[in-house]
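*Asks:* Below is the file data_30.cif, which contains mmCIF, C-alpha atoms.
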data_query
#
loop_
_atom_site.label_atom_id
_atom_site.label_comp_id
_atom_site.auth_asym_id
_atom_site.auth_seq_id
_atom_site.Cartn_x
_atom_site.Cartn_y
_atom_site.Cartn_z
CA LEU A 177 -3.33 3.73 -19.03
CA LEU A 178 -0.17 2.01 -20.24
CA GLN A 179 -1.78 1.16 -23.56
CA ARG A 180 -2.76 4.79 -24.13
CA GLN A 181 0.80 5.87 -23.34
CA VAL A 182 2.30 3.38 -25.80
CA GLU A 183 -0.18 4.22 -28.54
CA GLY A 184 0.52 7.91 -27.97
CA ALA A 185 4.15 7.16 -28.87
CA GLY A 186 2.99 5.83 -32.25
CA VAL A 187 2.93 2.11 -31.45
CA LYS A 188 -0.10 0.07 -32.45
CA VAL A 189 -1.21 -2.31 -29.66
CA MET A 190 -3.29 -5.39 -30.47
CA VAL A 191 -4.54 -7.21 -27.37
CA GLY A 192 -6.04 -10.68 -27.36
CA GLU A 193 -4.17 -11.60 -30.56
CA LYS A 194 -2.02 -14.68 -31.15
CA VAL A 195 0.62 -15.04 -33.85
CA THR A 196 -0.30 -18.06 -35.95
CA GLY A 197 2.32 -17.81 -38.68
CA VAL A 198 5.34 -16.00 -40.04
CA LYS A 199 5.47 -15.10 -43.73
CA GLY A 200 8.53 -14.98 -45.98
CA ARG A 201 11.17 -17.45 -47.10
CA LYS A 202 14.60 -15.80 -47.12
CA LYS A 203 13.49 -12.97 -44.86
CA VAL A 204 10.46 -12.03 -42.80
CA THR A 205 7.76 -10.20 -44.74
CA GLY A 206 4.88 -10.38 -42.29
CA ILE A 207 2.91 -12.33 -39.72
CA THR A 208 -0.59 -13.70 -39.50
CA THR A 209 -2.85 -13.75 -36.47
CA GLY A 210 -6.25 -15.23 -35.91
CA ASN A 211 -7.85 -12.06 -37.24
CA ALA A 212 -5.30 -10.18 -39.34
CA GLU A 213 -2.23 -10.21 -41.57
CA LEU A 214 0.50 -7.67 -40.79
CA ALA A 215 3.50 -6.67 -42.88
CA CYS A 216 6.84 -6.46 -41.03
CA ASP A 217 10.57 -7.06 -41.48
CA LEU A 218 11.41 -8.08 -37.91
CA VAL A 219 9.80 -10.50 -35.45
CA VAL A 220 10.82 -10.66 -31.78
CA TRP A 221 9.78 -13.81 -29.91
CA ALA A 222 9.29 -13.56 -26.12
CA THR A 223 8.82 -17.18 -25.09
CA GLY A 224 9.78 -17.11 -21.42
CA VAL A 225 12.70 -18.48 -19.40
CA ARG A 226 13.46 -21.92 -18.03
CA PRO A 227 16.12 -23.02 -15.50
CA ASN A 228 19.40 -24.47 -16.74
CA THR A 229 19.92 -27.44 -14.42
CA ALA A 230 22.29 -29.58 -16.50
CA LEU A 231 25.21 -29.24 -14.07
CA ALA A 232 22.99 -29.97 -11.06
CA LYS A 233 21.63 -33.12 -12.67
CA GLN A 234 25.14 -34.33 -13.43
CA ALA A 235 26.03 -33.81 -9.76
CA GLY A 236 23.01 -35.83 -8.61
CA ILE A 237 21.23 -32.82 -7.09
CA GLU A 238 17.46 -33.12 -6.77
CA ILE A 239 15.34 -31.18 -9.27
CA GLY A 240 11.92 -29.88 -8.24
CA GLN A 241 8.61 -30.58 -9.97
CA LEU A 242 8.74 -27.21 -11.76
CA GLY A 243 12.13 -27.90 -13.31
CA GLY A 244 14.32 -25.83 -10.98
CA ILE A 245 16.93 -27.00 -8.49
CA LYS A 246 15.18 -27.88 -5.25
CA VAL A 247 16.49 -25.91 -2.26
CA ASN A 248 15.45 -25.39 1.35
CA ASP A 249 15.03 -22.05 3.10
CA LYS A 250 18.82 -21.85 3.53
CA MET A 251 19.18 -22.10 -0.29
CA GLU A 252 20.84 -25.47 0.32
CA THR A 253 20.34 -28.22 -2.28
CA SER A 254 19.70 -31.91 -1.63
CA ILE A 255 23.47 -32.32 -1.19
CA GLU A 256 24.61 -30.94 2.15
CA HIS A 257 26.72 -27.77 2.02
CA VAL A 258 25.99 -27.24 -1.68
CA TYR A 259 23.94 -24.10 -2.34
CA ALA A 260 22.12 -22.71 -5.35
CA CYS A 261 20.32 -19.45 -6.09
CA GLY A 262 18.92 -17.37 -8.92
CA ASP A 263 17.06 -18.36 -12.07
CA CYS A 264 18.04 -22.04 -11.75
CA VAL A 265 16.24 -22.74 -8.44
CA GLN A 266 12.74 -23.66 -7.33
CA VAL A 267 11.69 -21.74 -4.22
CA TRP A 268 8.59 -21.07 -2.11
CA ASP A 269 6.12 -18.42 -3.27
CA GLN A 270 5.28 -16.20 -0.30
CA THR A 271 1.98 -14.99 -1.76
CA PHE A 272 0.53 -18.26 -3.07
CA GLY A 273 2.10 -20.61 -0.54
CA LYS A 274 3.45 -23.12 -3.05
CA PRO A 275 6.65 -23.85 -5.03
CA CYS A 276 7.52 -21.45 -7.86
CA LEU A 277 10.21 -20.34 -10.26
CA SER A 278 10.97 -16.72 -9.42
CA LEU A 279 13.02 -15.71 -12.46
CA LEU A 280 13.60 -12.13 -11.35
CA TRP A 281 16.74 -10.13 -10.58
CA ALA A 282 15.43 -8.96 -7.19
CA SER A 283 14.76 -12.56 -6.12
CA ALA A 284 18.18 -13.73 -7.29
CA LYS A 285 19.91 -10.95 -5.35
CA GLU A 286 18.08 -11.79 -2.11
CA GLN A 287 18.67 -15.53 -2.55
CA ALA A 288 22.37 -14.94 -3.19
CA ALA A 289 22.69 -13.00 0.07
CA VAL A 290 21.06 -15.88 1.98
CA ALA A 291 23.22 -18.52 0.29
CA ALA A 292 26.41 -16.52 0.92
CA ALA A 293 25.58 -16.01 4.60
CA ASN A 294 24.99 -19.72 5.13
CA CYS A 295 28.17 -20.60 3.24
CA LEU A 296 30.04 -18.41 5.73
CA GLY A 297 28.42 -20.11 8.70
CA GLU A 298 25.97 -17.33 9.48
CA PRO A 299 22.49 -18.96 9.62
CA ARG A 300 19.97 -17.08 7.52
CA SER A 301 16.64 -18.07 5.97
CA TYR A 302 14.95 -17.05 2.74
CA PRO A 303 11.31 -16.12 3.44
CA GLY A 304 10.12 -17.04 -0.03
CA ALA A 305 9.75 -15.28 -3.35
CA LEU A 306 7.90 -11.98 -3.56
CA SER A 307 7.39 -10.83 -7.12
CA VAL A 308 8.57 -7.27 -7.75
CA VAL A 309 8.55 -6.08 -11.36
CA ILE A 310 9.48 -2.56 -12.51
CA GLU A 311 9.11 -1.43 -16.11
CA GLU A 312 9.44 1.90 -17.90
CA ILE A 313 7.28 1.98 -21.01
CA ALA A 314 7.18 5.00 -23.31
CA GLY A 315 8.34 7.24 -20.45
CA LEU A 316 5.79 5.86 -17.96
CA THR A 317 6.91 3.75 -14.99
CA ALA A 318 4.86 0.74 -13.90
CA VAL A 319 5.51 -1.31 -10.75
CA SER A 320 3.88 -4.56 -9.67
CA VAL A 321 4.43 -6.01 -6.19
CA GLY A 322 3.06 -9.44 -5.28
CA ALA A 323 0.24 -11.01 -7.25
CA THR A 324 -2.06 -9.55 -9.88
CA GLU A 325 -5.84 -9.82 -9.67
CA ASP A 326 -5.99 -12.28 -12.58
CA ALA A 327 -3.32 -14.51 -11.04
CA LEU A 328 -5.19 -14.62 -7.74
CA ARG A 329 -8.52 -15.44 -9.36
CA ASN A 330 -6.88 -18.24 -11.34
CA ALA A 331 -5.09 -19.62 -8.27
CA PHE A 332 -7.95 -19.60 -5.77
CA ALA A 333 -11.44 -20.98 -6.34
CA CYS A 334 -12.86 -18.57 -3.78
CA GLU A 335 -12.48 -14.82 -4.13
CA ASP A 336 -12.05 -13.94 -0.48
CA PHE A 337 -10.16 -10.73 -1.19
CA THR A 338 -10.97 -7.15 -2.07
CA VAL A 339 -9.76 -5.06 -4.99
CA GLN A 340 -9.47 -1.30 -4.61
CA GLU A 341 -8.50 1.04 -7.45
CA GLN A 342 -7.67 4.71 -7.69
CA GLU A 343 -6.83 6.80 -10.76
CA THR A 344 -5.65 10.39 -10.49
CA GLN A 345 -3.69 12.78 -12.66
CA ALA A 346 -0.53 11.45 -11.01
CA GLY A 347 -1.23 7.85 -12.00
CA TYR A 348 -3.08 4.63 -11.23
CA LEU A 349 -3.04 2.41 -8.15
CA LYS A 350 -4.62 -0.99 -7.54
CA VAL A 351 -4.42 -2.81 -4.20
CA ILE A 352 -5.54 -6.41 -3.61
CA ALA A 353 -5.85 -7.59 -0.01
CA ASP A 354 -7.72 -9.83 2.38
CA SER A 355 -8.25 -9.25 6.10
CA GLN A 356 -4.83 -10.69 6.96
CA ARG A 357 -2.41 -9.20 4.42
CA ILE A 358 -1.82 -7.35 1.18
CA LEU A 359 -1.72 -9.83 -1.70
CA GLY A 360 -0.60 -7.49 -4.45
CA ALA A 361 -0.39 -3.90 -5.64
CA GLN A 362 0.16 -2.30 -9.03
CA PHE A 363 1.34 1.27 -9.62
CA VAL A 364 1.39 3.18 -12.92
CA GLY A 365 2.91 6.65 -13.07
CA ASN A 366 3.23 7.61 -9.42
CA TYR A 367 4.84 4.58 -7.74
CA GLN A 368 5.59 6.15 -4.35
CA GLY A 369 4.64 3.60 -1.76
CA ALA A 370 5.74 0.53 -3.74
CA GLY A 371 8.75 0.05 -1.46
CA ALA A 372 6.60 0.32 1.65
CA VAL A 373 4.11 -2.20 0.25
CA ALA A 374 6.91 -4.66 -0.53
CA ALA A 375 8.23 -4.31 3.04
CA TRP A 376 4.77 -4.82 4.54
CA MET A 377 4.17 -7.87 2.39
CA ARG A 378 7.54 -9.29 3.40
CA GLN A 379 6.61 -8.79 7.08
CA GLY A 380 3.16 -10.29 6.52
CA ILE A 381 1.40 -7.57 8.50
CA SER A 382 -2.33 -6.96 8.16
CA PRO A 383 -4.08 -3.84 6.81
CA GLU A 384 -5.03 -2.92 10.37
CA GLU A 385 -1.41 -3.20 11.51
CA ILE A 386 -0.33 -1.02 8.57
CA LYS A 387 -2.63 1.75 9.78
CA GLY A 388 -0.99 1.46 13.20
CA VAL A 389 2.48 1.75 11.64
CA LEU A 390 1.52 4.95 9.81
CA ALA A 391 0.06 6.42 12.99
CA ASN A 392 3.26 5.70 14.95
CA ARG A 393 5.41 8.82 14.59
CA GLU A 394 8.36 7.22 16.40
CA GLN A 395 8.42 4.29 13.98
CA LEU A 396 8.25 6.63 10.98
CA LYS A 397 11.38 8.39 12.21
CA TRP A 398 13.55 5.36 11.43
CA ALA A 399 11.49 4.19 8.47
CA PRO A 400 10.25 7.42 6.82
CA TRP A 401 9.62 5.65 3.49
CA TYR A 402 6.66 3.90 5.13
CA ALA A 403 4.85 7.23 4.98
CA HIS A 404 4.88 6.93 1.18
CA GLY A 405 2.47 4.02 1.59
CA ALA A 406 -0.26 6.30 2.95
CA SER A 407 -2.15 6.25 -0.36
CA VAL A 408 -2.23 2.45 -0.20
CA ALA A 409 -3.45 2.49 3.40
CA GLN A 410 -6.26 4.88 2.44
CA LEU A 411 -7.53 2.39 -0.15
CA LEU A 412 -7.45 -0.36 2.48
CA ALA A 413 -9.61 1.67 4.87
#
Mind turning this structure into structure tokens?
*Replies:*
Amino acid sequence: LLQRQVEGAGVKVMVGEKVTGVKGRKKVTGITTGNAELACDLVVWATGVRPNTALAKQAGIEIGQLGGIKVNDKMETSIEHVYACGDCVQVWDQTFGKPCLSLLWASAKEQAAVAAANCLGEPRSYPGALSVVIEEIAGLTAVSVGATEDALRNAFACEDFTVQEQETQAGYLKVIADSQRILGAQFVGNYQGAGAVAAWMRQGISPEEIKGVLANREQLKWAPWYAHGASVAQLLA
């Protein structure tokens, strides 16, 4: 769906290709891939992000195995009363149950609130990173909450989860869940319900409990946005 939207805007999309070389001496004239040679005058490299931990290392703060500053659930480093948050830290992944680098603005904002509260003497814990990515591509909005299907299949040898998909004129929805919780959801076009899914994943409630929430009119009065997750709940039925 996204690919069709991008191509409709006049952009050629080549999937499964890898850039193997850049042509030109004084300026870029093209690139080569495993299967083609393309003329161009500009190349943009997207190579990822890594934590900058130079200052922490100088201070003797422990660095985690993934290269980020190691913190506990209070966002406290290995030195008491010294806190860290954001792209430089290694935290716990709520979905996969292991350390991760959550290099996302939403994660940094939540971590900062936890670190600030603890700095002020108000005990607060960070529940772990929950990936939330929002992109607008060629006028079409895409939202991903939690894990993708490919990430889950690569992470777990067993496939003890279900994948439900729905495509309508309004957009596309995919929900990945097991009997205990939602593991991930992706929205393209109509993304109503993404906020509710993120809240349910944060709370760790099961698909059955979600149905109970949506049936509880009193609860919906103070959290009306939960009702937007009805389409997700229908796929979980």
*Asks:* Which residue is closest to Pro400 in chain A? Choose from A:Gly369, A:Ala230, A:Gly273, A:Ile381 and count all atoms listed in the file.
*Replies:*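 Distance minimum relative to Pro400 in chain A lands on A:Gly369.
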*Asks:* If the PyMOL selection byres ((chain A and resi 252-254) around 12) were run on this exact file, what residues would it hold? Put them as a PDB file with C-alpha atoms, in the coordinates of the input.
*Replies:*
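Final output, part.pdb:
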ATOM      1  CA  ALA A 232      22.990 -29.970 -11.060  1.00  0.00           C
ATOM      2  CA  LYS A 233      21.630 -33.120 -12.670  1.00  0.00           C
ATOM      3  CA  ALA A 235      26.030 -33.810  -9.760  1.00  0.00           C
ATOM      4  CA  GLY A 236      23.010 -35.830  -8.610  1.00  0.00           C
ATOM      5  CA  ILE A 237      21.230 -32.820  -7.090  1.00  0.00           C
ATOM      6  CA  GLU A 238      17.460 -33.120  -6.770  1.00  0.00           C
ATOM      7  CA  ILE A 239      15.340 -31.180  -9.270  1.00  0.00           C
ATOM      8  CA  GLY A 240      11.920 -29.880  -8.240  1.00  0.00           C
ATOM      9  CA  GLY A 244      14.320 -25.830 -10.980  1.00  0.00           C
ATOM     10  CA  ILE A 245      16.930 -27.000  -8.490  1.00  0.00           C
ATOM     11  CA  LYS A 246      15.180 -27.880  -5.250  1.00  0.00           C
ATOM     12  CA  VAL A 247      16.490 -25.910  -2.260  1.00  0.00           C
ATOM     13  CA  ASN A 248      15.450 -25.390   1.350  1.00  0.00           C
ATOM     14  CA  ASP A 249      15.030 -22.050   3.100  1.00  0.00           C
ATOM     15  CA  LYS A 250      18.820 -21.850   3.530  1.00  0.00           C
ATOM     16  CA  MET A 251      19.180 -22.100  -0.290  1.00  0.00           C
ATOM     17  CA  ILE A 255      23.470 -32.320  -1.190  1.00  0.00           C
ATOM     18  CA  GLU A 256      24.610 -30.940   2.150  1.00  0.00           C
ATOM     19  CA  HIS A 257      26.720 -27.770   2.020  1.00  0.00           C
ATOM     20  CA  VAL A 258      25.990 -27.240  -1.680  1.00  0.00           C
ATOM     21  CA  TYR A 259      23.940 -24.100  -2.340  1.00  0.00           C
ATOM     22  CA  ALA A 260      22.120 -22.710  -5.350  1.00  0.00           C
ATOM     23  CA  CYS A 261      20.320 -19.450  -6.090  1.00  0.00           C
ATOM     24  CA  CYS A 264      18.040 -22.040 -11.750  1.00  0.00           C
ATOM     25  CA  VAL A 265      16.240 -22.740  -8.440  1.00  0.00           C
ATOM     26  CA  GLN A 266      12.740 -23.660  -7.330  1.00  0.00           C
ATOM     27  CA  VAL A 267      11.690 -21.740  -4.220  1.00  0.00           C
ATOM     28  CA  GLN A 287      18.670 -15.530  -2.550  1.00  0.00           C
ATOM     29  CA  ALA A 288      22.370 -14.940  -3.190  1.00  0.00           C
ATOM     30  CA  VAL A 290      21.060 -15.880   1.980  1.00  0.00           C
ATOM     31  CA  ALA A 291      23.220 -18.520   0.290  1.00  0.00           C
ATOM     32  CA  ALA A 292      26.410 -16.520   0.920  1.00  0.00           C
ATOM     33  CA  ALA A 293      25.580 -16.010   4.600  1.00  0.00           C
ATOM     34  CA  ASN A 294      24.990 -19.720   5.130  1.00  0.00           C
ATOM     35  CA  CYS A 295      28.170 -20.600   3.240  1.00  0.00           C
ATOM     36  CA  PRO A 299      22.490 -18.960   9.620  1.00  0.00           C
ATOM     37  CA  ARG A 300      19.970 -17.080   7.520  1.00  0.00           C
ATOM     38  CA  SER A 301      16.640 -18.070   5.970  1.00  0.00           C
ATOM     39  CA  TYR A 302      14.950 -17.050   2.740  1.00  0.00           C
TER      40      TYR A 302
END
*Asks:* What is the distance, in Å and to one decimal place, between CA of Gly197 in chain A and CA of Gly210 in chain A?
*Replies:*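 Going from CA of Gly197 in chain A over to CA of Gly210 in chain A, I get 9.4 Å.
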*Asks:* What box, with edges along x, y and z, holds each listed atom of range 397-406 of chain A when 4 Å is added on every side, and can you state its centre and edge lengths in Å to one decimal, as JSON?
*Replies:*
{"center_x": 6.6, "center_y": 6.1, "center_z": 6.7, "size_x": 21.8, "size_y": 12.5, "size_z": 19.0}
*Asks:* Counting only C-alpha atoms, write as a PyMOL selection string all protein and nucleic acid residues lying at most 10 Å from (-4.1, -1.9, -18.1) in the file's frame.
*Replies:* chain A and resi 177-180+348+364
*Asks:* As a list in words, please: the residues near range 182-191 of chain A (cut-off 12 Å, all atoms listed in the file, same-chain neighbours under 5 positions excluded).
*Replies:* Leu177, Thr209, Gly210, Asn211, Ala212, Leu214, Glu312, Ile313, Ala314, Gly315, Leu316 and Thr317 of chain A
*Asks:* What gap, in Å, lies between CA of Ser407 in chain A and CA of Asn366 in chain A?
*Replies:*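 CA of Asn366 in chain A lies 10.6 Å from CA of Ser407 in chain A.
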*Asks:* Can you turn the PyMOL selection byres ((chain A and resi 408) around 12) into a concrete residue list for this file, as a ChimeraX atom specification?
*Replies:* /A:339-342,348-353,358,360-363,366-374,376,383,386-387,390,402-407,409-413
*Asks:* Using Å and a single decimal, report how far CA of Glu286 in chain A sits from CA of Gln270 in chain A.
*Replies:* 13.7 Å
*Asks:* Can you pull out every residue within 10 Å of range 198-202 of chain A, counting only C-alpha atoms, but drop anything in the same chain fewer than 2 positions away, and send it as a PyMOL selection string?
*Replies:* chain A and resi 195-196+204-209+213-217+219
*Asks:* Here's the selection I'm unsure about, the PyMOL selection byres ((chain A and resi 322) around 7); applied to the file above, which residues does it give, as a list in words?
*Replies:*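 Taken on the displayed file, the PyMOL selection byres ((chain A and resi 322) around 7) yields the residues Thr271, Leu306, Ser307, Val308, Ser320, Val321, Ala323, Thr324, Leu359, Gly360 and Ala361 of chain A.
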*Asks:* So, counting only C-alpha atoms, which residue among A:Arg329, A:Lys397, A:Arg226, A:Arg357 is closest to Leu277 in chain A?
*Replies:*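 Smallest separation from Leu277 in chain A among the options: A:Arg226.
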*Asks:* Quick one: residues within 8 Å of (-11.0, -11.6, 0.4) (file frame), counting all atoms listed in the file, please, as a ChimeraX atom specification.
*Replies:* /A:335-338,353-355
*Asks:* From the set A:Leu218, A:Gln241, A:Ala399, A:Leu279, which residue has the shortest atom-to-atom contact distance to Ala375 in chain A, counting all atoms listed in the file?
*Replies:*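 Counting all atoms listed in the file, the residue closest to Ala375 in chain A is A:Ala399.
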